[in-house]
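Below is my_file-v3.cif, which holds mmCIF, C-alpha atoms and all ligand atoms.
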data_model
#
loop_
_atom_site.group_PDB
_atom_site.id
_atom_site.type_symbol
_atom_site.label_atom_id
_atom_site.label_comp_id
_atom_site.auth_asym_id
_atom_site.auth_seq_id
_atom_site.Cartn_x
_atom_site.Cartn_y
_atom_site.Cartn_z
ATOM 1 C CA MET A 1 10.696 -25.019 -19.994
ATOM 2 C CA THR A 2 12.076 -24.080 -16.556
ATOM 3 C CA ASP A 3 9.971 -22.354 -13.897
ATOM 4 C CA VAL A 4 11.853 -19.117 -14.518
ATOM 5 C CA GLN A 5 11.153 -19.291 -18.254
ATOM 6 C CA ASN A 6 7.495 -20.033 -17.547
ATOM 7 C CA ALA A 7 7.266 -17.076 -15.188
ATOM 8 C CA ARG A 8 8.974 -14.801 -17.749
ATOM 9 C CA GLU A 9 6.585 -15.948 -20.497
ATOM 10 C CA ALA A 10 3.598 -15.305 -18.224
ATOM 11 C CA LEU A 11 4.885 -11.788 -17.472
ATOM 12 C CA VAL A 12 5.417 -11.017 -21.152
ATOM 13 C CA TRP A 13 1.899 -12.253 -21.889
ATOM 14 C CA GLN A 14 0.486 -9.957 -19.199
ATOM 15 C CA LEU A 15 2.414 -6.955 -20.505
ATOM 16 C CA GLU A 16 1.163 -7.620 -24.013
ATOM 17 C CA ALA A 17 -2.385 -7.846 -22.663
ATOM 18 C CA GLY A 18 -1.996 -4.299 -21.284
ATOM 19 C CA ILE A 19 -1.427 -5.024 -17.600
ATOM 20 C CA ASP A 20 0.671 -2.137 -16.354
ATOM 21 C CA GLU A 21 0.786 -2.448 -12.593
ATOM 22 C CA CYS A 22 0.824 -4.914 -9.728
ATOM 23 C CA ILE A 23 -2.011 -4.339 -7.240
ATOM 24 C CA GLY A 24 -1.479 -7.089 -4.696
ATOM 25 C CA GLU A 25 1.053 -9.514 -3.288
ATOM 26 C CA ALA A 26 -1.202 -12.578 -3.500
ATOM 27 C CA PRO A 27 -3.162 -13.817 -6.549
ATOM 28 C CA VAL A 28 -6.952 -13.320 -6.511
ATOM 29 C CA ASN A 29 -9.374 -15.711 -8.212
ATOM 30 C CA ARG A 30 -11.312 -13.192 -10.312
ATOM 31 C CA LEU A 31 -13.414 -15.937 -11.902
ATOM 32 C CA ALA A 32 -14.895 -16.820 -8.508
ATOM 33 C CA GLU A 33 -15.432 -13.096 -7.812
ATOM 34 C CA ALA A 34 -17.143 -12.574 -11.170
ATOM 35 C CA ASP A 35 -19.675 -15.325 -10.386
ATOM 36 C CA ALA A 36 -20.480 -13.810 -6.982
ATOM 37 C CA GLY A 37 -20.588 -10.282 -8.443
ATOM 38 C CA ALA A 38 -22.943 -11.267 -11.263
ATOM 39 C CA ALA A 39 -25.351 -12.797 -8.747
ATOM 40 C CA ALA A 40 -25.217 -9.680 -6.559
ATOM 41 C CA GLU A 41 -25.730 -7.346 -9.515
ATOM 42 C CA THR A 42 -28.771 -9.292 -10.706
ATOM 43 C CA ASP A 43 -30.338 -8.917 -7.255
ATOM 44 C CA VAL A 44 -29.437 -5.281 -7.102
ATOM 45 C CA ALA A 45 -30.810 -4.438 -10.543
ATOM 46 C CA SER A 46 -34.246 -5.628 -9.555
ATOM 47 C CA GLU A 47 -34.308 -3.460 -6.405
ATOM 48 C CA SER A 48 -36.386 -0.328 -6.442
ATOM 49 C CA ARG A 49 -35.118 2.954 -5.073
ATOM 50 C CA PRO A 50 -36.113 3.186 -1.415
ATOM 51 C CA ALA A 51 -38.673 5.853 -0.556
ATOM 52 C CA GLY A 52 -37.172 8.941 1.000
ATOM 53 C CA ARG A 53 -33.853 8.674 -0.803
ATOM 54 C CA ALA A 54 -32.880 11.176 -3.426
ATOM 55 C CA ALA A 55 -35.521 11.293 -6.115
ATOM 56 C CA ARG A 56 -34.324 12.687 -9.400
ATOM 57 C CA ARG A 57 -36.425 14.598 -11.881
ATOM 58 C CA ILE A 58 -35.394 15.226 -15.427
ATOM 59 C CA GLU A 59 -37.418 17.984 -17.007
ATOM 60 C CA SER A 60 -36.426 17.407 -20.591
ATOM 61 C CA ARG A 61 -35.659 13.725 -20.468
ATOM 62 C CA PRO A 62 -35.067 12.827 -24.111
ATOM 63 C CA GLU A 63 -36.543 9.366 -23.697
ATOM 64 C CA GLU A 64 -38.450 7.736 -20.892
ATOM 65 C CA VAL A 65 -36.171 5.235 -19.261
ATOM 66 C CA PRO A 66 -36.418 3.642 -15.845
ATOM 67 C CA ALA A 67 -34.182 5.205 -13.206
ATOM 68 C CA PRO A 68 -31.477 2.831 -12.024
ATOM 69 C CA ALA A 69 -32.076 1.116 -8.727
ATOM 70 C CA VAL A 70 -30.253 2.255 -5.631
ATOM 71 C CA GLN A 71 -28.187 -0.681 -4.591
ATOM 72 C CA THR A 72 -28.929 -1.258 -0.950
ATOM 73 C CA GLU A 73 -28.024 -4.953 -1.271
ATOM 74 C CA VAL A 74 -24.367 -4.189 -1.861
ATOM 75 C CA PRO A 75 -22.563 -4.806 1.458
ATOM 76 C CA GLY A 76 -21.584 -1.498 2.997
ATOM 77 C CA VAL A 77 -24.045 0.668 1.077
ATOM 78 C CA GLN A 78 -26.402 1.197 4.007
ATOM 79 C CA SER A 79 -23.506 2.240 6.208
ATOM 80 C CA ALA A 80 -22.434 4.671 3.464
ATOM 81 C CA TRP A 81 -25.927 6.228 3.409
ATOM 82 C CA ASP A 82 -25.910 6.518 7.226
ATOM 83 C CA LEU A 83 -22.420 8.005 7.356
ATOM 84 C CA ALA A 84 -23.132 10.477 4.573
ATOM 85 C CA ALA A 85 -26.460 11.564 6.083
ATOM 86 C CA ALA A 86 -24.717 12.366 9.372
ATOM 87 C CA CYS A 87 -22.348 14.879 7.729
ATOM 88 C CA SER A 88 -23.307 18.506 7.993
ATOM 89 C CA SER A 89 -20.245 20.054 6.327
ATOM 90 C CA VAL A 90 -17.932 19.288 3.429
ATOM 91 C CA GLU A 91 -15.097 18.774 5.931
ATOM 92 C CA GLU A 92 -17.114 16.154 7.820
ATOM 93 C CA LEU A 93 -18.005 14.463 4.561
ATOM 94 C CA GLU A 94 -14.370 14.373 3.452
ATOM 95 C CA ALA A 95 -13.387 12.786 6.777
ATOM 96 C CA ALA A 96 -16.196 10.218 6.399
ATOM 97 C CA VAL A 97 -15.065 9.306 2.874
ATOM 98 C CA ARG A 98 -11.433 9.025 3.969
ATOM 99 C CA GLY A 99 -12.445 6.742 6.823
ATOM 100 C CA PHE A 100 -14.773 4.571 4.707
ATOM 101 C CA GLU A 101 -13.289 1.094 4.216
ATOM 102 C CA GLU A 102 -16.096 -0.735 2.380
ATOM 103 C CA CYS A 103 -15.143 0.140 -1.188
ATOM 104 C CA ALA A 104 -12.513 -2.298 -2.476
ATOM 105 C CA LEU A 105 -11.036 0.400 -4.715
ATOM 106 C CA LYS A 106 -9.552 1.979 -1.621
ATOM 107 C CA LYS A 107 -7.324 -1.044 -1.063
ATOM 108 C CA THR A 108 -5.527 -0.636 -4.375
ATOM 109 C CA ALA A 109 -5.444 3.160 -4.508
ATOM 110 C CA THR A 110 -2.569 5.290 -3.244
ATOM 111 C CA ASN A 111 -4.752 8.220 -2.214
ATOM 112 C CA THR A 112 -8.373 9.146 -1.628
ATOM 113 C CA VAL A 113 -9.286 11.742 -4.250
ATOM 114 C CA PHE A 114 -12.023 13.844 -2.683
ATOM 115 C CA SER A 115 -12.287 17.189 -4.443
ATOM 116 C CA ASP A 116 -10.617 20.351 -5.621
ATOM 117 C CA GLY A 117 -11.712 23.910 -6.188
ATOM 118 C CA ASN A 118 -13.968 26.313 -4.356
ATOM 119 C CA PRO A 119 -16.735 24.736 -2.248
ATOM 120 C CA THR A 120 -18.778 27.941 -2.498
ATOM 121 C CA ALA A 121 -18.622 27.981 -6.307
ATOM 122 C CA LYS A 122 -21.744 28.136 -8.475
ATOM 123 C CA VAL A 123 -20.444 25.426 -10.806
ATOM 124 C CA MET A 124 -19.710 21.851 -9.731
ATOM 125 C CA PHE A 125 -18.156 19.280 -12.073
ATOM 126 C CA VAL A 126 -18.498 15.571 -11.328
ATOM 127 C CA GLY A 127 -16.154 13.267 -13.233
ATOM 128 C CA GLU A 128 -15.914 9.504 -13.387
ATOM 129 C CA ALA A 129 -12.917 8.244 -11.437
ATOM 130 C CA PRO A 130 -9.395 9.324 -10.573
ATOM 131 C CA GLY A 131 -6.655 8.241 -12.980
ATOM 132 C CA ALA A 132 -2.971 7.593 -12.276
ATOM 133 C CA ASP A 133 -2.006 11.286 -11.865
ATOM 134 C CA GLU A 134 -4.959 11.973 -9.604
ATOM 135 C CA ASP A 135 -4.189 8.870 -7.524
ATOM 136 C CA ARG A 136 -0.605 10.052 -7.051
ATOM 137 C CA GLN A 137 -1.517 13.638 -6.163
ATOM 138 C CA GLY A 138 -4.810 13.020 -4.326
ATOM 139 C CA LYS A 139 -6.645 15.641 -6.411
ATOM 140 C CA PRO A 140 -9.217 15.246 -9.196
ATOM 141 C CA PHE A 141 -8.446 16.156 -12.791
ATOM 142 C CA VAL A 142 -4.762 17.001 -12.556
ATOM 143 C CA GLY A 143 -3.626 14.867 -15.542
ATOM 144 C CA PRO A 144 -4.095 15.500 -19.281
ATOM 145 C CA SER A 145 -7.942 15.449 -19.051
ATOM 146 C CA GLY A 146 -7.791 17.922 -16.194
ATOM 147 C CA LYS A 147 -5.543 20.247 -18.179
ATOM 148 C CA LEU A 148 -8.041 20.243 -21.046
ATOM 149 C CA LEU A 149 -10.910 20.778 -18.607
ATOM 150 C CA ASP A 150 -9.087 23.742 -17.050
ATOM 151 C CA LYS A 151 -8.598 25.252 -20.538
ATOM 152 C CA MET A 152 -12.255 24.792 -21.466
ATOM 153 C CA ALA A 153 -13.386 26.272 -18.154
ATOM 154 C CA ALA A 154 -11.008 29.225 -18.625
ATOM 155 C CA SER A 155 -12.629 29.922 -22.013
ATOM 156 C CA ILE A 156 -15.843 30.829 -20.162
ATOM 157 C CA GLY A 157 -14.065 32.633 -17.335
ATOM 158 C CA LEU A 158 -13.912 29.805 -14.775
ATOM 159 C CA ASP A 159 -10.982 28.382 -12.867
ATOM 160 C CA ARG A 160 -10.502 26.343 -9.703
ATOM 161 C CA THR A 161 -11.316 29.371 -7.580
ATOM 162 C CA SER A 162 -14.709 29.610 -9.271
ATOM 163 C CA PHE A 163 -15.629 25.961 -9.796
ATOM 164 C CA TYR A 164 -15.639 22.860 -7.610
ATOM 165 C CA ILE A 165 -14.786 19.371 -8.819
ATOM 166 C CA THR A 166 -15.119 15.783 -7.666
ATOM 167 C CA ASN A 167 -15.804 12.299 -9.112
ATOM 168 C CA ILE A 168 -18.482 9.634 -8.705
ATOM 169 C CA VAL A 169 -15.873 7.357 -7.096
ATOM 170 C CA PHE A 170 -13.114 8.524 -4.763
ATOM 171 C CA TRP A 171 -10.429 5.977 -5.587
ATOM 172 C CA ARG A 172 -8.667 5.010 -8.796
ATOM 173 C CA PRO A 173 -9.932 1.771 -10.355
ATOM 174 C CA PRO A 174 -6.887 -0.460 -11.041
ATOM 175 C CA GLY A 175 -5.494 0.017 -14.536
ATOM 176 C CA ASN A 176 -8.050 2.821 -15.145
ATOM 177 C CA ARG A 177 -10.880 0.376 -15.783
ATOM 178 C CA ASN A 178 -14.436 1.710 -15.454
ATOM 179 C CA PRO A 179 -15.811 1.667 -11.902
ATOM 180 C CA THR A 180 -18.295 -1.176 -11.393
ATOM 181 C CA THR A 181 -21.935 -0.610 -10.450
ATOM 182 C CA ASN A 182 -21.161 -1.834 -6.923
ATOM 183 C CA GLU A 183 -18.255 0.579 -6.531
ATOM 184 C CA ILE A 184 -20.436 3.436 -7.763
ATOM 185 C CA ALA A 185 -23.251 2.348 -5.421
ATOM 186 C CA LEU A 186 -20.868 2.464 -2.439
ATOM 187 C CA CYS A 187 -19.724 5.999 -3.280
ATOM 188 C CA LEU A 188 -23.114 7.371 -4.372
ATOM 189 C CA PRO A 189 -24.380 8.243 -0.856
ATOM 190 C CA PHE A 190 -21.297 10.444 -0.357
ATOM 191 C CA VAL A 191 -21.625 11.961 -3.835
ATOM 192 C CA GLU A 192 -25.280 12.830 -3.248
ATOM 193 C CA ARG A 193 -24.468 14.403 0.120
ATOM 194 C CA HIS A 194 -21.519 16.200 -1.479
ATOM 195 C CA ILE A 195 -23.837 17.806 -4.022
ATOM 196 C CA GLU A 196 -26.313 18.759 -1.284
ATOM 197 C CA LEU A 197 -23.589 20.391 0.811
ATOM 198 C CA ILE A 198 -22.062 22.309 -2.121
ATOM 199 C CA ASP A 199 -25.517 23.087 -3.557
ATOM 200 C CA PRO A 200 -24.181 24.612 -6.788
ATOM 201 C CA ASP A 201 -26.304 26.541 -9.305
ATOM 202 C CA ILE A 202 -25.039 24.326 -12.117
ATOM 203 C CA LEU A 203 -24.011 20.692 -11.938
ATOM 204 C CA ILE A 204 -21.899 19.311 -14.784
ATOM 205 C CA PRO A 205 -21.457 15.536 -14.998
ATOM 206 C CA LEU A 206 -18.431 14.740 -17.153
ATOM 207 C CA GLY A 207 -18.948 11.694 -19.351
ATOM 208 C CA GLY A 208 -21.509 8.911 -19.490
ATOM 209 C CA PRO A 209 -20.991 7.136 -16.155
ATOM 210 C CA ALA A 210 -21.271 10.384 -14.161
ATOM 211 C CA ALA A 211 -24.272 11.625 -16.152
ATOM 212 C CA LYS A 212 -26.112 8.294 -15.939
ATOM 213 C CA THR A 213 -25.414 7.972 -12.219
ATOM 214 C CA LEU A 214 -26.550 11.474 -11.324
ATOM 215 C CA LEU A 215 -29.541 11.605 -13.637
ATOM 216 C CA GLY A 216 -30.666 8.044 -13.086
ATOM 217 C CA VAL A 217 -30.937 7.247 -16.779
ATOM 218 C CA GLN A 218 -29.387 4.733 -19.148
ATOM 219 C CA LEU A 219 -28.849 7.019 -22.138
ATOM 220 C CA GLY A 220 -25.315 7.553 -23.429
ATOM 221 C CA ILE A 221 -23.591 10.898 -23.025
ATOM 222 C CA THR A 222 -23.863 11.767 -26.719
ATOM 223 C CA ARG A 223 -27.661 11.685 -26.310
ATOM 224 C CA LEU A 224 -27.651 13.480 -22.951
ATOM 225 C CA ARG A 225 -25.178 16.279 -23.648
ATOM 226 C CA GLY A 226 -26.299 19.717 -24.682
ATOM 227 C CA LYS A 227 -29.720 19.505 -23.012
ATOM 228 C CA TRP A 228 -30.466 21.160 -19.699
ATOM 229 C CA GLN A 229 -31.920 18.828 -17.125
ATOM 230 C CA THR A 230 -32.426 19.012 -13.371
ATOM 231 C CA TYR A 231 -31.093 17.131 -10.385
ATOM 232 C CA GLN A 232 -33.043 16.844 -7.152
ATOM 233 C CA SER A 233 -32.308 15.045 -3.923
ATOM 234 C CA LYS A 234 -34.029 14.835 -0.556
ATOM 235 C CA ASN A 235 -32.137 17.605 1.222
ATOM 236 C CA LEU A 236 -31.896 20.104 -1.616
ATOM 237 C CA ALA A 237 -34.115 23.159 -1.213
ATOM 238 C CA ALA A 238 -34.506 23.433 -4.995
ATOM 239 C CA PRO A 239 -33.533 21.372 -8.040
ATOM 240 C CA ILE A 240 -30.133 22.070 -9.577
ATOM 241 C CA ASP A 241 -29.659 22.740 -13.303
ATOM 242 C CA VAL A 242 -27.593 20.035 -14.957
ATOM 243 C CA MET A 243 -25.654 20.176 -18.216
ATOM 244 C CA PRO A 244 -24.226 16.739 -19.071
ATOM 245 C CA PHE A 245 -20.860 17.307 -20.753
ATOM 246 C CA LEU A 246 -18.526 15.178 -22.863
ATOM 247 C CA HIS A 247 -15.640 13.773 -20.820
ATOM 248 C CA PRO A 248 -12.372 15.635 -21.514
ATOM 249 C CA ALA A 249 -10.591 12.288 -22.029
ATOM 250 C CA TYR A 250 -13.061 11.575 -24.857
ATOM 251 C CA LEU A 251 -12.425 15.029 -26.302
ATOM 252 C CA LEU A 252 -8.683 14.324 -26.276
ATOM 253 C CA ARG A 253 -9.316 11.165 -28.287
ATOM 254 C CA SER A 254 -12.005 12.667 -30.538
ATOM 255 C CA PRO A 255 -11.107 16.304 -31.266
ATOM 256 C CA ALA A 256 -13.990 16.588 -33.756
ATOM 257 C CA ALA A 257 -16.381 16.450 -30.782
ATOM 258 C CA LYS A 258 -14.887 19.677 -29.395
ATOM 259 C CA LYS A 259 -17.430 21.712 -31.375
ATOM 260 C CA ASP A 260 -20.221 20.059 -29.345
ATOM 261 C CA ALA A 261 -18.296 20.796 -26.156
ATOM 262 C CA TRP A 262 -17.944 24.429 -27.223
ATOM 263 C CA HIS A 263 -21.699 24.643 -27.830
ATOM 264 C CA ASP A 264 -22.325 23.295 -24.316
ATOM 265 C CA LEU A 265 -19.754 25.619 -22.752
ATOM 266 C CA LEU A 266 -21.566 28.600 -24.275
ATOM 267 C CA ALA A 267 -24.863 27.321 -22.870
ATOM 268 C CA ILE A 268 -23.241 27.147 -19.418
ATOM 269 C CA LYS A 269 -21.786 30.640 -19.834
ATOM 270 C CA ASP A 270 -25.215 32.029 -20.820
ATOM 271 C CA LYS A 271 -26.895 30.331 -17.860
ATOM 272 C CA LEU A 272 -24.286 31.791 -15.488
ATOM 273 C CA LYS A 273 -24.761 35.245 -17.008
ATOM 274 C CA ALA A 274 -28.511 35.007 -16.667
ATOM 275 C CA GLY A 275 -27.954 34.242 -12.943
HETATM 276 N N1 LIG A 301 -10.933 11.466 -15.255
HETATM 277 C C1 LIG A 301 -11.927 11.563 -14.347
HETATM 278 O O1 LIG A 301 -13.090 11.232 -14.638
HETATM 279 N N2 LIG A 301 -11.632 12.050 -13.144
HETATM 280 C C2 LIG A 301 -10.409 12.447 -12.799
HETATM 281 O O2 LIG A 301 -10.231 12.892 -11.671
HETATM 282 C C3 LIG A 301 -9.395 12.333 -13.766
HETATM 283 C C4 LIG A 301 -9.671 11.841 -14.974
#
As structure tokens, please, write out the structure in this file.
Amino acid sequence: MTDVQNAREALVWQLEAGIDECIGEAPVNRLAEADAGAAAETDVASESRPAGRAARRIESRPEEVPAPAVQTEVPGVQSAWDLAAACSSVEELEAAVRGFEECALKKTATNTVFSDGNPTAKVMFVGEAPGADEDRQGKPFVGPSGKLLDKMAASIGLDRTSFYITNIVFWRPPGNRNPTTNEIALCLPFVERHIELIDPDILIPLGGPAAKTLLGVQLGITRLRGKWQTYQSKNLAAPIDVMPFLHPAYLLRSPAAKKDAWHDLLAIKDKLKAG
């Protein structure tokens, strides 16, 4: 086979494997990275959360599970905590996130996706990670999941003038893969500060990764959803009510779960009405 035929075969193989975009000019040895990453994650998992950082409390935790460790060993995490702590407004925080170069996701993303909606809103959604549409437009939840989310929110009288929305990572993971624990750890200081600065009445993590990250638990979203919990961090005057919610992308794939989502929407509506 000629070199050209070999190259064509390799491309066809990649397309069939689901690779849909090119993220760099030079090849990267992911096997070497995986070895280094696994070692780092093992170290990180045995770390305990440093005193004085956000401490979360879950009032109706369905099962006792250890809170995940804050990953101070990940290079760049301490600088993220320091940068985030120095921000005293959402604008400052957005500038800090845009200027933050330690998260590798930024290198492959087109845009930083910081937030959308009303920063004085009572309701704050936190999703998982920007997708292709969000990466292109630089705004969270503007693709098919976002359209469904907007419809669900509208059914209880909310829109982007009355809710605020962000994600647990600010850049699109290549090919829409899940963000890694290190990527989440690098964004978490900004996410925690974001929540403190918005200080909503109700916090709604969308999907398992967001719920687990914010609540510090390992339970899946189908176990967490539908039960009010609370979120607390160092600089919050009072804990925030949390309703973990099924991710709209999951609801698009599993329409039968929409009845659970409807149940949870009504719980949110009642809580808002009760003030
Ligand atoms: N899914 C997410 O979790 N966040 C977005 O911004 C878009 C899709």
### Message
If the PyMOL selection byres (((not hetatm)) within 9 of (chain A and resi 301)) were run on this exact file, what residues would it hold? Put them as a ChimeraX atom specification.
### Response
/A:113,115,126-135,139-146,165-170,172,206-207,210,247-249
### Task
Tell me, in Å to one decimal, how far atom CA of A:Pro255 is from atom CA of A:Leu158.
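These atoms are spaced 21.5 Å apart.
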### Message
Which residues are close to stretch 184-199 of chain A, i.e. within 9 Å by all atoms listed in the file, leaving aside same-chain residues fewer than 5 positions away? Reply as JSON, numbers by chain.
### Response
{"A": [54, 70, 71, 72, 74, 75, 76, 77, 78, 80, 81, 82, 83, 84, 85, 87, 88, 89, 90, 93, 94, 96, 97, 102, 103, 119, 120, 121, 122, 124, 126, 164, 166, 167, 168, 169, 170, 179, 213, 214, 233, 234, 235, 236, 237, 240]}
### Separation of atom CA of A:Leu251 from atom CA of A:Leu148, in Å and rounded to one decimal
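It comes out at 8.6 Å.
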### Query
Got a sec to resolve the PyMOL selection byres (((chain A and resi 264) around 12) and not hetatm) on this structure and send the residues as an MDAnalysis selection string?
chainID A and resid 152:153 155:156 204 206 222 224:228 242:246 257:263 265:271
### Query
Expressed in Å to a single decimal, how great is the separation between atom CA of A:Phe163 and atom CA of A:Gly117?
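According to the coordinates, atom CA of A:Phe163 and atom CA of A:Gly117 are separated by 5.7 Å.
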#### Entry: Using all atoms listed in the file: which of A:Gln232, A:Leu149, A:Ala109, A:Leu203 has the shortest distance to A:Pro173
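Between A:Gln232, A:Leu149, A:Ala109, A:Leu203, the residue approaching A:Pro173 most closely is A:Ala109.
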#### Entry: Residue among A:Gln218, A:Asp201, A:Asp116, A:Glu73 lying closest to A:Pro239, counting all atoms listed in the file
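Between A:Gln218, A:Asp201, A:Asp116, A:Glu73, the residue approaching A:Pro239 most closely is A:Asp201.
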### Message
Using only C-alpha atoms for the distances, tell me which of A:Gly157, A:Gly138, A:Gly99, A:Gly275 is nearest to A:Asn111.
### Response
A:Gly138
### Query
For A:Thr108, which of A:Glu92, A:Pro174, A:Ser254, A:Ser162 is the closest residue, counting only C-alpha atoms?
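The closest residue to A:Thr108 is A:Pro174.
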